$ cat run-v8.txt   # compact mmCIF, C-alpha atoms
# COMPACT_ATOMS: atom_id res chain seq x y z
CA MET A 805 -4.43 14.34 52.62
CA ASP A 806 -2.77 10.94 52.20
CA GLN A 807 -4.72 7.71 51.78
CA GLU A 808 -3.82 6.36 55.23
CA LYS A 809 -5.33 9.41 56.89
CA LEU A 810 -8.47 9.00 54.81
CA ARG A 811 -8.72 5.34 55.79
CA HIS A 812 -8.32 6.21 59.45
CA LEU A 813 -11.00 8.89 59.29
CA LEU A 814 -13.48 6.52 57.64
CA CYS A 815 -12.81 3.97 60.39
CA GLU A 816 -13.55 6.63 63.00
CA LEU A 817 -16.77 7.49 61.18
CA GLY A 818 -17.81 3.82 61.20
CA THR A 819 -17.12 3.56 64.90
CA ALA A 820 -19.23 6.68 65.54
CA ILE A 821 -22.14 5.14 63.61
CA LEU A 822 -21.75 1.89 65.58
CA SER A 823 -21.83 3.74 68.90
CA LYS A 824 -24.88 5.77 67.91
CA VAL A 825 -26.90 2.84 66.57
CA VAL A 826 -26.30 0.42 69.45
CA SER A 827 -27.12 3.07 72.04
CA ALA A 828 -30.12 4.61 70.28
CA ARG A 829 -31.87 1.29 69.72
CA GLN A 830 -31.83 0.34 73.42
CA GLY A 831 -35.33 -0.35 74.69
CA LEU A 832 -37.00 0.09 71.30
CA SER A 833 -39.19 -2.65 69.86
CA ALA A 834 -38.77 -4.04 66.35
CA GLU A 835 -42.01 -2.32 65.40
CA LYS A 836 -40.63 1.08 66.38
CA LEU A 837 -37.31 0.47 64.66
CA ALA A 838 -39.11 -0.71 61.51
CA ALA A 839 -41.44 2.30 61.27
CA VAL A 840 -41.31 3.71 57.74
CA THR A 841 -40.09 7.31 57.71
CA GLY A 842 -39.64 7.94 53.99
CA GLU A 843 -38.47 6.82 50.57
CA ALA A 844 -35.15 7.56 48.86
CA GLY A 845 -33.40 6.20 45.80
CA GLY A 846 -36.15 3.64 45.36
CA ASP A 847 -35.59 2.17 48.83
CA THR A 848 -37.58 2.52 52.03
CA ILE A 849 -36.14 4.53 54.90
CA PHE A 850 -36.89 3.05 58.32
CA ALA A 851 -36.68 4.67 61.76
CA ILE A 852 -33.45 2.84 62.58
CA ASP A 853 -31.80 4.36 59.49
CA ARG A 854 -32.13 7.82 61.03
CA PHE A 855 -29.77 6.87 63.86
CA GLY A 856 -26.95 6.32 61.39
CA GLU A 857 -27.72 9.51 59.51
CA ASP A 858 -27.64 11.55 62.72
CA ALA A 859 -24.27 10.05 63.66
CA ILE A 860 -22.80 10.97 60.28
CA LEU A 861 -23.86 14.61 60.46
CA GLU A 862 -22.57 14.95 64.03
CA TRP A 863 -19.25 13.32 63.21
CA PHE A 864 -18.50 15.35 60.08
CA ARG A 865 -19.31 18.61 61.83
CA ALA A 866 -16.96 17.77 64.68
CA GLN A 867 -14.18 15.69 63.10
CA TRP A 868 -13.70 16.25 59.38
CA PRO A 869 -10.61 18.40 58.59
CA SER A 870 -11.84 21.77 57.36
CA GLU A 871 -8.87 22.10 54.98
CA GLU A 872 -10.10 19.00 53.08
CA PRO A 873 -13.60 19.97 51.90
CA VAL A 874 -15.77 16.98 51.06
CA GLN A 875 -19.13 16.29 49.45
CA ILE A 876 -21.34 13.63 51.04
CA VAL A 877 -23.36 11.23 48.87
CA MET A 878 -25.96 9.36 50.88
CA GLU A 879 -29.54 8.16 50.63
CA GLY A 880 -32.12 10.46 52.12
CA LEU A 881 -30.35 13.78 51.53
CA GLU A 882 -32.81 16.37 50.28
CA SER A 883 -30.12 18.82 49.16
CA GLU A 884 -26.41 18.92 48.46
CA LEU A 885 -24.37 18.35 51.61
CA CYS A 886 -20.73 19.39 51.96
CA PHE A 887 -18.32 19.89 54.84
CA PRO A 888 -17.34 22.43 55.95
CA GLU A 889 -20.97 23.44 55.62
CA GLY A 890 -21.53 26.28 53.22
CA LYS A 891 -19.19 24.86 50.60
CA SER A 892 -20.55 23.79 47.22
CA ALA A 893 -19.64 20.48 45.60
CA ALA A 894 -17.56 22.39 43.05
CA GLU A 895 -15.40 23.68 45.91
CA THR A 896 -14.69 20.26 47.44
CA LYS A 897 -11.61 18.06 47.03
CA TRP A 898 -13.28 14.75 47.89
CA LYS A 899 -16.51 12.86 47.35
CA CYS A 900 -17.49 10.49 50.17
CA ILE A 901 -20.24 7.95 49.55
CA ILE A 902 -21.88 6.47 52.62
CA ASP A 903 -24.44 3.82 53.52
CA PRO A 904 -25.21 4.43 57.20
CA ILE A 905 -26.84 1.01 57.64
CA ASP A 906 -26.51 -1.62 54.93
CA GLY A 907 -28.74 -4.47 56.03
CA THR A 908 -31.40 -2.40 57.78
CA ARG A 909 -34.10 -5.03 57.46
CA GLY A 910 -32.08 -7.73 59.22
CA LEU A 911 -30.86 -5.42 61.98
CA MET A 912 -34.17 -3.79 62.85
CA TYR A 913 -35.65 -7.23 63.52
CA ASP A 914 -32.49 -8.25 65.41
CA LYS A 915 -31.87 -11.13 63.00
CA ARG A 916 -28.41 -10.42 61.61
CA SER A 917 -25.66 -7.80 61.67
CA ALA A 918 -25.86 -4.77 59.41
CA TRP A 919 -22.85 -2.72 58.27
CA ALA A 920 -21.89 0.93 58.04
CA LEU A 921 -20.09 1.71 54.79
CA ALA A 922 -18.01 4.67 53.70
CA ALA A 923 -15.68 5.19 50.77
CA ILE A 924 -13.93 8.24 49.34
CA ALA A 925 -12.59 9.34 45.97
CA PRO A 926 -11.06 12.53 44.57
CA GLN A 927 -13.81 14.89 43.47
CA HIS A 928 -14.55 14.74 39.74
CA GLY A 929 -18.12 15.96 39.89
CA GLU A 930 -20.65 13.69 38.23
CA GLU A 931 -17.77 11.75 36.66
CA THR A 932 -16.58 10.46 40.06
CA ARG A 933 -16.88 6.67 39.94
CA LEU A 934 -16.51 3.52 42.03
CA SER A 935 -13.25 2.71 40.25
CA GLN A 936 -11.71 5.94 41.58
CA ILE A 937 -12.17 5.10 45.27
CA VAL A 938 -8.90 5.40 47.22
CA ALA A 939 -10.02 4.37 50.72
CA CYS A 940 -12.99 2.67 52.36
CA ALA A 941 -14.20 1.22 55.66
CA MET A 942 -16.88 -1.30 56.59
CA THR A 943 -18.01 -1.47 60.23
CA GLU A 944 -20.24 -4.15 61.72
CA LEU A 945 -23.47 -3.10 63.45
CA PRO A 946 -24.23 -6.22 65.47
CA VAL A 947 -27.50 -7.64 66.78
CA SER A 948 -28.29 -6.86 70.41
CA LYS A 949 -26.95 -10.13 71.86
CA GLN A 950 -23.58 -9.77 70.11
CA TRP A 951 -20.79 -7.92 71.92
CA ARG A 952 -18.18 -8.08 69.16
CA ALA A 953 -18.08 -5.82 66.13
CA ASP A 954 -15.68 -6.33 63.22
CA GLN A 955 -14.25 -3.57 61.07
CA PHE A 956 -12.50 -3.84 57.70
CA SER A 957 -10.73 -1.01 55.91
CA ALA A 958 -8.26 -0.43 53.12
CA ARG A 959 -6.56 2.20 51.05
CA LEU A 960 -5.61 1.87 47.41
CA ASP A 961 -1.88 1.89 48.14
CA GLY A 962 -1.99 -0.39 51.20
CA PRO A 963 -3.20 -3.74 52.57
CA LEU A 964 -6.51 -4.87 54.01
CA VAL A 965 -6.83 -3.94 57.69
CA ALA A 966 -9.15 -6.14 59.77
CA THR A 967 -9.94 -5.56 63.44
CA TRP A 968 -12.57 -6.33 66.07
CA CYS A 969 -13.68 -4.61 69.24
CA ASP A 970 -15.97 -5.14 72.22
CA TRP A 971 -18.45 -2.33 71.60
CA ARG A 972 -19.86 -2.57 75.13
CA ALA A 973 -16.56 -1.60 76.69
CA GLY A 974 -15.41 0.78 73.97
CA SER A 975 -12.18 -1.20 73.84
CA ASP A 976 -9.35 -0.48 71.43
CA PRO A 977 -9.51 -2.47 68.17
CA LYS A 978 -7.65 -5.78 68.09
CA PRO A 979 -6.20 -7.46 64.98
CA LEU A 980 -8.45 -9.94 63.21
CA HIS A 981 -7.05 -12.65 60.93
CA THR A 982 -9.21 -13.28 57.88
CA GLU A 983 -8.72 -15.28 54.70
CA PRO A 984 -11.03 -16.03 51.78
CA SER A 985 -11.76 -19.65 50.96
CA THR A 986 -8.90 -21.49 49.26
CA ALA A 987 -11.22 -24.26 48.04
CA HIS A 988 -10.77 -25.38 44.45
CA SER A 989 -14.35 -26.58 44.02
CA PHE A 990 -17.81 -25.51 45.11
CA ASP A 991 -18.59 -28.85 46.77
CA HIS A 992 -20.07 -28.53 50.25
CA GLY A 993 -19.71 -24.76 50.30
CA PHE A 994 -21.93 -21.68 50.27
CA ALA A 995 -22.49 -20.00 46.90
CA SER A 996 -25.45 -17.74 46.15
CA LEU A 997 -27.04 -15.26 43.79
CA ALA A 998 -29.07 -12.49 45.44
CA LYS A 999 -32.81 -13.09 45.31
CA PHE A 1000 -33.99 -11.27 48.41
CA PHE A 1001 -37.36 -10.13 47.11
CA PRO A 1002 -40.10 -11.68 44.93
CA GLU A 1003 -39.33 -9.52 41.88
CA GLY A 1004 -37.08 -11.41 39.48
CA ARG A 1005 -36.61 -14.36 41.82
CA THR A 1006 -37.81 -17.00 39.37
CA LEU A 1007 -35.44 -15.96 36.58
CA THR A 1008 -32.52 -15.64 38.99
CA ALA A 1009 -33.21 -19.12 40.37
CA GLN A 1010 -33.38 -20.56 36.85
CA ILE A 1011 -30.00 -19.04 36.02
CA GLU A 1012 -28.55 -20.33 39.29
CA GLU A 1013 -29.91 -23.84 38.77
CA ARG A 1014 -28.49 -23.95 35.25
CA LEU A 1015 -25.13 -22.75 36.58
CA TRP A 1016 -24.80 -25.56 39.10
CA ASP A 1017 -26.14 -28.18 36.69
CA GLN A 1018 -23.38 -27.30 34.25
CA ILE A 1019 -20.59 -26.96 36.82
CA LEU A 1020 -21.49 -29.90 39.07
CA GLY A 1021 -23.71 -32.03 36.85
CA PRO A 1022 -27.47 -32.53 37.42
CA ASN A 1023 -28.56 -34.82 40.27
CA ARG A 1024 -24.96 -35.74 41.01
CA SER A 1025 -25.70 -36.48 44.65
CA ARG A 1026 -28.74 -37.25 46.78
CA SER A 1027 -27.44 -34.65 49.23
CA PRO A 1028 -27.08 -31.05 48.01
CA VAL A 1029 -23.46 -30.00 47.58
CA VAL A 1030 -23.93 -26.23 47.17
CA PHE A 1031 -25.65 -24.24 49.92
CA ASP A 1032 -27.57 -20.99 49.53
CA ASP A 1033 -27.43 -18.08 51.99
CA GLN A 1034 -29.39 -14.89 51.45
CA TYR A 1035 -27.58 -12.30 53.58
CA LEU A 1036 -29.72 -9.23 52.88
CA SER A 1037 -26.78 -6.84 52.83
CA THR A 1038 -24.13 -6.32 50.17
CA ALA A 1039 -21.56 -5.57 52.87
CA GLY A 1040 -22.63 -8.71 54.70
CA GLN A 1041 -22.03 -10.68 51.52
CA PHE A 1042 -18.60 -9.05 51.19
CA HIS A 1043 -17.86 -10.07 54.78
CA GLU A 1044 -18.73 -13.71 54.09
CA LEU A 1045 -16.33 -13.72 51.14
CA ILE A 1046 -13.49 -11.99 52.97
CA THR A 1047 -13.73 -14.32 55.96
CA GLY A 1048 -13.86 -17.55 53.97
CA ARG A 1049 -17.51 -18.42 54.57
CA ASP A 1050 -18.75 -18.09 50.97
CA ARG A 1051 -17.14 -19.18 47.72
CA LEU A 1052 -19.31 -17.27 45.25
CA VAL A 1053 -21.77 -14.43 45.71
CA GLY A 1054 -23.40 -12.37 43.01
CA ASP A 1055 -26.09 -9.77 42.53
CA LEU A 1056 -27.68 -9.81 39.08
CA ARG A 1057 -30.71 -7.66 39.89
CA PRO A 1058 -29.97 -4.77 37.48
CA LEU A 1059 -29.57 -7.28 34.63
CA ILE A 1060 -32.59 -9.34 35.70
CA PHE A 1061 -34.91 -6.36 36.04
CA HIS A 1062 -33.80 -4.99 32.68
CA ALA A 1063 -34.49 -8.33 30.99
CA LEU A 1064 -37.95 -8.54 32.59
CA ASP A 1065 -38.70 -4.86 31.94
CA LEU A 1066 -39.40 -4.33 35.64
CA GLU A 1067 -39.37 -0.84 37.06
CA SER A 1068 -38.16 -1.87 40.52
CA SER A 1069 -35.16 0.20 41.58
CA LEU A 1070 -34.42 -1.89 44.66
CA VAL A 1071 -31.06 -3.13 43.42
CA CYS A 1072 -27.48 -2.91 44.57
CA HIS A 1073 -26.44 0.76 44.38
CA PRO A 1074 -22.96 2.33 44.42
CA TYR A 1075 -23.22 3.05 48.15
CA ASP A 1076 -23.88 -0.68 48.74
CA ALA A 1077 -20.84 -1.74 46.71
CA CYS A 1078 -18.51 1.09 47.74
CA ALA A 1079 -16.36 -1.26 49.86
CA TRP A 1080 -15.29 -3.31 46.83
CA LEU A 1081 -11.65 -2.38 47.51
CA LEU A 1082 -11.76 -4.65 50.57
CA LEU A 1083 -12.44 -7.64 48.32
CA LYS A 1084 -9.55 -6.78 46.05
CA LYS A 1085 -7.13 -6.40 48.97
CA ALA A 1086 -8.32 -9.72 50.43
CA GLY A 1087 -7.68 -11.54 47.16
CA VAL A 1088 -11.33 -12.03 46.21
CA VAL A 1089 -12.17 -11.72 42.51
CA PHE A 1090 -14.75 -8.94 42.04
CA GLU A 1091 -16.15 -8.17 38.59
CA HIS A 1092 -19.20 -7.51 36.45
CA PRO A 1093 -21.10 -10.74 35.69
CA LEU A 1094 -20.38 -10.26 31.97
CA GLY A 1095 -16.75 -9.25 32.52
CA GLY A 1096 -14.80 -6.15 33.45
CA PHE A 1097 -15.10 -3.96 36.52
CA PRO A 1098 -18.67 -3.14 37.65
CA ASP A 1099 -18.15 0.60 37.53
CA ALA A 1100 -20.80 3.20 38.28
CA PRO A 1101 -21.03 6.87 39.28
CA LEU A 1102 -20.91 7.67 42.99
CA ASP A 1103 -24.63 8.41 43.20
CA THR A 1104 -27.72 6.99 44.90
CA GLU A 1105 -29.59 5.88 41.79
CA SER A 1106 -27.36 3.73 39.55
CA GLY A 1107 -27.63 -0.05 39.67
CA VAL A 1108 -24.54 -2.22 40.16
CA ALA A 1109 -24.51 -5.82 38.94
CA TRP A 1110 -21.58 -7.80 40.31
CA ILE A 1111 -20.17 -11.26 40.94
CA ALA A 1112 -17.41 -12.25 43.35
CA TYR A 1113 -15.40 -15.45 43.56
CA ALA A 1114 -13.35 -16.39 46.61
CA ASN A 1115 -10.27 -17.10 44.50
CA GLU A 1116 -9.01 -17.26 40.92
CA THR A 1117 -9.45 -21.04 40.66
CA LEU A 1118 -13.16 -20.83 41.44
CA ALA A 1119 -13.51 -17.86 39.10
CA ALA A 1120 -11.94 -19.85 36.25
CA LYS A 1121 -14.43 -22.67 36.84
CA ALA A 1122 -17.58 -20.57 37.07
CA ARG A 1123 -16.97 -17.43 35.02
CA PRO A 1124 -17.24 -18.87 31.48
CA VAL A 1125 -20.26 -20.97 32.43
CA LEU A 1126 -22.10 -18.07 34.03
CA GLN A 1127 -21.37 -15.68 31.18
CA LYS A 1128 -22.61 -18.21 28.62
CA ILE A 1129 -25.83 -18.72 30.60
CA LEU A 1130 -26.39 -14.98 31.01
CA ARG A 1131 -26.07 -14.44 27.27
CA GLU A 1132 -28.73 -17.12 26.74
CA PHE A 1133 -31.14 -15.82 29.39
CA LEU A 1134 -30.54 -12.09 29.12
CA PRO A 1135 -30.42 -11.11 25.44
$ encode --input "run-v8.txt" --output "structure tokens"
Amino acid sequence: MDQEKLRHLLCELGTAILSKVVSARQGLSAEKLAAVTGEAGGDTIFAIDRFGEDAILEWFRAQWPSEEPVQIVMEGLESELCFPEGKSAAETKWKCIIDPIDGTRGLMYDKRSAWALAAIAPQHGEETRLSQIVACAMTELPVSKQWRADQFSARLDGPLVATWCDWRAGSDPKPLHTEPSTAHSFDHGFASLAKFFPEGRTLTAQIEERLWDQILGPNRSRSPVVFDDQYLSTAGQFHELITGRDRLVGDLRPLIFHALDLESSLVCHPYDACAWLLLKKAGVVFEHPLGGFPDAPLDTESGVAWIAYANETLAAKARPVLQKILREFLP
């Protein structure tokens, strides 16, 4: 199956998840959506997460080409799952990693959009990695008052595809123009390191403060010139970069927790970062904070530390400073 067909299928999957989530949540309170239903991969599974999982199973059973057997990697699976059902992972051609709802906490309280993520790579068993992904899709799951949902997709041998639709009407997707920031400085722009939860927040903030002191100079202005935005969703952070809203976003949690000898596994996982190809196709610089590609197996356990810069100019300004600071703080 060619990459364009794979991209198209993943877009259809994202649309199916969108339809299921926005319909299933109707009339349910935040308390019901936020009910804890389990634990998986170190993260909590909430009631709203089950809507996305149900949509995935229904869609694969009905829509996935039987001649292209695929293994599904997803949080919450208690056993190996392949389609057509009955196949083993060793018999599949593809490995598809999925996050049904990335940004559950924001969506279940109707605060901010979440995203459905899916990416696919040729099957190489346990050696299948993020760097081998050939197609991906990222579909917006909007808050209840929002009628528009964006979708971004890409294949390795093609461009970024960006569209939007009115989910209420089930309208056909329409083209969406997006462009990362072309700014050559961080002045008066959004730039953030992930510090969503109390664990590791102090060390992350110290690193971040040192970064801006060295790039901008301490106390340069009475008014802050770099703004922080904690979008509690890796895909949401990717969206802000692709659409020109953020100039730098990074997630250091695997490095921070290792340095502090913390056991918390609530970090960015491969299923959170599986849409990295969208950043590359948009022209955003995506890399490991200490250099190189932030590769990881397509599993539900590995941590992924990453940093993204809106363009090469900003990367050249911040990269050497950040790497020097990280070597000082994280021996």
$ residues_around --input "run-v8.txt" --residues "stretch 939-951 of chain A" --least-positions-apart "5" --cutoff "7 Å" --atoms "all atoms listed in the file" --output "PyMOL selection string"
chain A and resi 807+810-811+814-815+818-819+822+911+914-924+956-960+970-972+1079
$ atom_distance --input "run-v8.txt" --atom1 "atom CA of A:Phe1097" --atom2 "atom CA of A:Glu879"
23.5 Å
$ residues_around --input "run-v8.txt" --residues "A:Leu964" --least-positions-apart "2" --cutoff "7 Å" --atoms "all atoms listed in the file" --output "number ranges by chain"
A: 957-958, 962, 966, 1082, 1085-1086
$ atom_distance --input "run-v8.txt" --atom1 "atom CA of A:Ala839" --atom2 "atom CA of A:Val877"
23.7 Å
$ residues_around --input "run-v8.txt" --residues "A:Trp1016" --least-positions-apart "4" --cutoff "10 Å" --atoms "only C-alpha atoms" --output "MDAnalysis selection string"
chainID A and resid 990 995 1011:1012 1020:1022 1029:1030 1122 1125:1126
$ closest_residue --input "run-v8.txt" --among "A:Arg1014, A:Arg1131, A:His928, A:Arg909" --to "A:Thr896" --atoms "only C-alpha atoms"
A:His928
$ atom_distance --input "run-v8.txt" --atom1 "atom CA of A:Leu1015" --atom2 "atom CA of A:Asp1065"
22.9 Å
$ closest_residue --input "run-v8.txt" --among "A:Lys999, A:Arg854, A:His992, A:Lys1128" --to "A:Pro1028" --atoms "all atoms listed in the file"
A:His992
$ residues_around --input "run-v8.txt" --residues "A:Val825" --least-positions-apart "5" --cutoff "9 Å" --atoms "only C-alpha atoms" --output "count of residues only"
8
$ axis_aligned_box --input "run-v8.txt" --around "stretch 1110-1124 of chain A" --padding-each-side "3 Å" --output "lines of an AutoDock Vina configuration file"
center_x = -15.3
center_y = -15.2
center_z = 39.0
size_x = 18.6
size_y = 20.9
size_z = 21.1
$ residues_around --input "run-v8.txt" --residues "A:Asp1055" --least-positions-apart "5" --cutoff "6 Å" --atoms "only C-alpha atoms" --output "JSON, numbers by chain"
{"A": [997, 998, 1109, 1110]}
$ residues_near_point --input "run-v8.txt" --point "(-29.9, 14.8, 53.8)" --cutoff "12 Å" --atoms "all atoms listed in the file" --output "number ranges by chain"
A: 842, 844, 854, 856-858, 860-861, 875-886, 902, 904
$ closest_residue --input "run-v8.txt" --among "A:Thr982, A:Thr1008, A:Ser1106, A:Ser1068" --to "A:Arg1049" --atoms "all atoms listed in the file"
A:Thr982
$ decode --input "run-v8.txt" --residues "stretch 1047-1057 of chain A" --atoms "all heavy atoms" --output "PDB file, in the first residue's frame"
ATOM      1  N   THR A1047       1.162  26.287  13.330  1.00  0.00           N
ATOM      2  CA  THR A1047       0.315  27.411  12.946  1.00  0.00           C
ATOM      3  C   THR A1047       0.900  28.770  13.305  1.00  0.00           C
ATOM      4  O   THR A1047       0.222  29.787  13.170  1.00  0.00           O
ATOM      5  CB  THR A1047      -1.077  27.271  13.595  1.00  0.00           C
ATOM      6  OG1 THR A1047      -0.925  27.156  15.019  1.00  0.00           O
ATOM      7  CG2 THR A1047      -1.795  26.039  13.064  1.00  0.00           C
ATOM      8  N   GLY A1048       2.141  28.808  13.769  1.00  0.00           N
ATOM      9  CA  GLY A1048       2.816  30.074  13.987  1.00  0.00           C
ATOM     10  C   GLY A1048       2.543  30.740  15.318  1.00  0.00           C
ATOM     11  O   GLY A1048       2.935  31.885  15.529  1.00  0.00           O
ATOM     12  N   ARG A1049       1.920  30.035  16.241  1.00  0.00           N
ATOM     13  CA  ARG A1049       1.585  30.634  17.537  1.00  0.00           C
ATOM     14  C   ARG A1049       2.742  30.574  18.528  1.00  0.00           C
ATOM     15  O   ARG A1049       2.873  31.457  19.373  1.00  0.00           O
ATOM     16  CB  ARG A1049       0.356  29.947  18.122  1.00  0.00           C
ATOM     17  CG  ARG A1049      -0.919  30.178  17.328  1.00  0.00           C
ATOM     18  CD  ARG A1049      -2.059  29.352  17.916  1.00  0.00           C
ATOM     19  NE  ARG A1049      -3.357  29.705  17.354  1.00  0.00           N
ATOM     20  CZ  ARG A1049      -3.874  29.142  16.273  1.00  0.00           C
ATOM     21  NH1 ARG A1049      -3.198  28.198  15.645  1.00  0.00           N
ATOM     22  NH2 ARG A1049      -5.056  29.517  15.822  1.00  0.00           N
ATOM     23  N   ASP A1050       3.555  29.528  18.462  1.00  0.00           N
ATOM     24  CA  ASP A1050       4.675  29.353  19.390  1.00  0.00           C
ATOM     25  C   ASP A1050       5.989  29.335  18.625  1.00  0.00           C
ATOM     26  O   ASP A1050       6.050  28.857  17.487  1.00  0.00           O
ATOM     27  CB  ASP A1050       4.529  28.050  20.172  1.00  0.00           C
ATOM     28  CG  ASP A1050       3.437  28.118  21.234  1.00  0.00           C
ATOM     29  OD1 ASP A1050       2.734  29.148  21.291  1.00  0.00           O
ATOM     30  OD2 ASP A1050       3.285  27.144  21.982  1.00  0.00           O
ATOM     31  N   ARG A1051       7.032  29.814  19.284  1.00  0.00           N
ATOM     32  CA  ARG A1051       8.354  29.859  18.650  1.00  0.00           C
ATOM     33  C   ARG A1051       9.298  28.783  19.173  1.00  0.00           C
ATOM     34  O   ARG A1051      10.262  28.426  18.496  1.00  0.00           O
ATOM     35  CB  ARG A1051       8.978  31.247  18.858  1.00  0.00           C
ATOM     36  CG  ARG A1051       8.107  32.356  18.284  1.00  0.00           C
ATOM     37  CD  ARG A1051       8.720  33.724  18.448  1.00  0.00           C
ATOM     38  NE  ARG A1051       7.736  34.754  18.109  1.00  0.00           N
ATOM     39  CZ  ARG A1051       7.961  36.056  18.193  1.00  0.00           C
ATOM     40  NH1 ARG A1051       9.142  36.508  18.608  1.00  0.00           N
ATOM     41  NH2 ARG A1051       7.009  36.914  17.879  1.00  0.00           N
ATOM     42  N   LEU A1052       9.053  28.308  20.348  1.00  0.00           N
ATOM     43  CA  LEU A1052       9.847  27.213  20.928  1.00  0.00           C
ATOM     44  C   LEU A1052       8.946  26.457  21.883  1.00  0.00           C
ATOM     45  O   LEU A1052       8.235  27.056  22.682  1.00  0.00           O
ATOM     46  CB  LEU A1052      11.067  27.763  21.672  1.00  0.00           C
ATOM     47  CG  LEU A1052      11.974  26.768  22.415  1.00  0.00           C
ATOM     48  CD1 LEU A1052      13.398  27.335  22.516  1.00  0.00           C
ATOM     49  CD2 LEU A1052      11.477  26.466  23.835  1.00  0.00           C
ATOM     50  N   VAL A1053       8.973  25.143  21.790  1.00  0.00           N
ATOM     51  CA  VAL A1053       8.287  24.288  22.759  1.00  0.00           C
ATOM     52  C   VAL A1053       9.183  23.076  22.992  1.00  0.00           C
ATOM     53  O   VAL A1053       9.762  22.528  22.043  1.00  0.00           O
ATOM     54  CB  VAL A1053       6.909  23.810  22.262  1.00  0.00           C
ATOM     55  CG1 VAL A1053       6.225  22.993  23.353  1.00  0.00           C
ATOM     56  CG2 VAL A1053       6.020  24.980  21.871  1.00  0.00           C
ATOM     57  N   GLY A1054       9.289  22.672  24.237  1.00  0.00           N
ATOM     58  CA  GLY A1054      10.097  21.496  24.537  1.00  0.00           C
ATOM     59  C   GLY A1054       9.531  20.713  25.692  1.00  0.00           C
ATOM     60  O   GLY A1054       8.796  21.244  26.533  1.00  0.00           O
ATOM     61  N   ASP A1055       9.856  19.441  25.731  1.00  0.00           N
ATOM     62  CA  ASP A1055       9.434  18.562  26.820  1.00  0.00           C
ATOM     63  C   ASP A1055      10.661  17.799  27.311  1.00  0.00           C
ATOM     64  O   ASP A1055      11.147  16.878  26.656  1.00  0.00           O
ATOM     65  CB  ASP A1055       8.360  17.594  26.331  1.00  0.00           C
ATOM     66  CG  ASP A1055       7.646  16.891  27.477  1.00  0.00           C
ATOM     67  OD1 ASP A1055       8.265  16.741  28.555  1.00  0.00           O
ATOM     68  OD2 ASP A1055       6.480  16.495  27.300  1.00  0.00           O
ATOM     69  N   LEU A1056      11.145  18.209  28.469  1.00  0.00           N
ATOM     70  CA  LEU A1056      12.368  17.634  29.038  1.00  0.00           C
ATOM     71  C   LEU A1056      12.088  16.580  30.096  1.00  0.00           C
ATOM     72  O   LEU A1056      13.026  16.081  30.734  1.00  0.00           O
ATOM     73  CB  LEU A1056      13.213  18.750  29.686  1.00  0.00           C
ATOM     74  CG  LEU A1056      13.526  20.000  28.866  1.00  0.00           C
ATOM     75  CD1 LEU A1056      14.359  20.962  29.707  1.00  0.00           C
ATOM     76  CD2 LEU A1056      14.248  19.647  27.582  1.00  0.00           C
ATOM     77  N   ARG A1057      10.836  16.222  30.294  1.00  0.00           N
ATOM     78  CA  ARG A1057      10.486  15.397  31.463  1.00  0.00           C
ATOM     79  C   ARG A1057      11.303  14.116  31.604  1.00  0.00           C
ATOM     80  O   ARG A1057      11.746  13.791  32.723  1.00  0.00           O
ATOM     81  CB  ARG A1057       8.991  15.091  31.449  1.00  0.00           C
ATOM     82  CG  ARG A1057       8.137  16.270  31.891  1.00  0.00           C
ATOM     83  CD  ARG A1057       6.656  15.944  31.822  1.00  0.00           C
ATOM     84  NE  ARG A1057       6.207  15.814  30.442  1.00  0.00           N
ATOM     85  CZ  ARG A1057       5.013  15.331  30.087  1.00  0.00           C
ATOM     86  NH1 ARG A1057       4.176  14.900  31.020  1.00  0.00           N
ATOM     87  NH2 ARG A1057       4.661  15.271  28.809  1.00  0.00           N
TER      88      ARG A1057
END
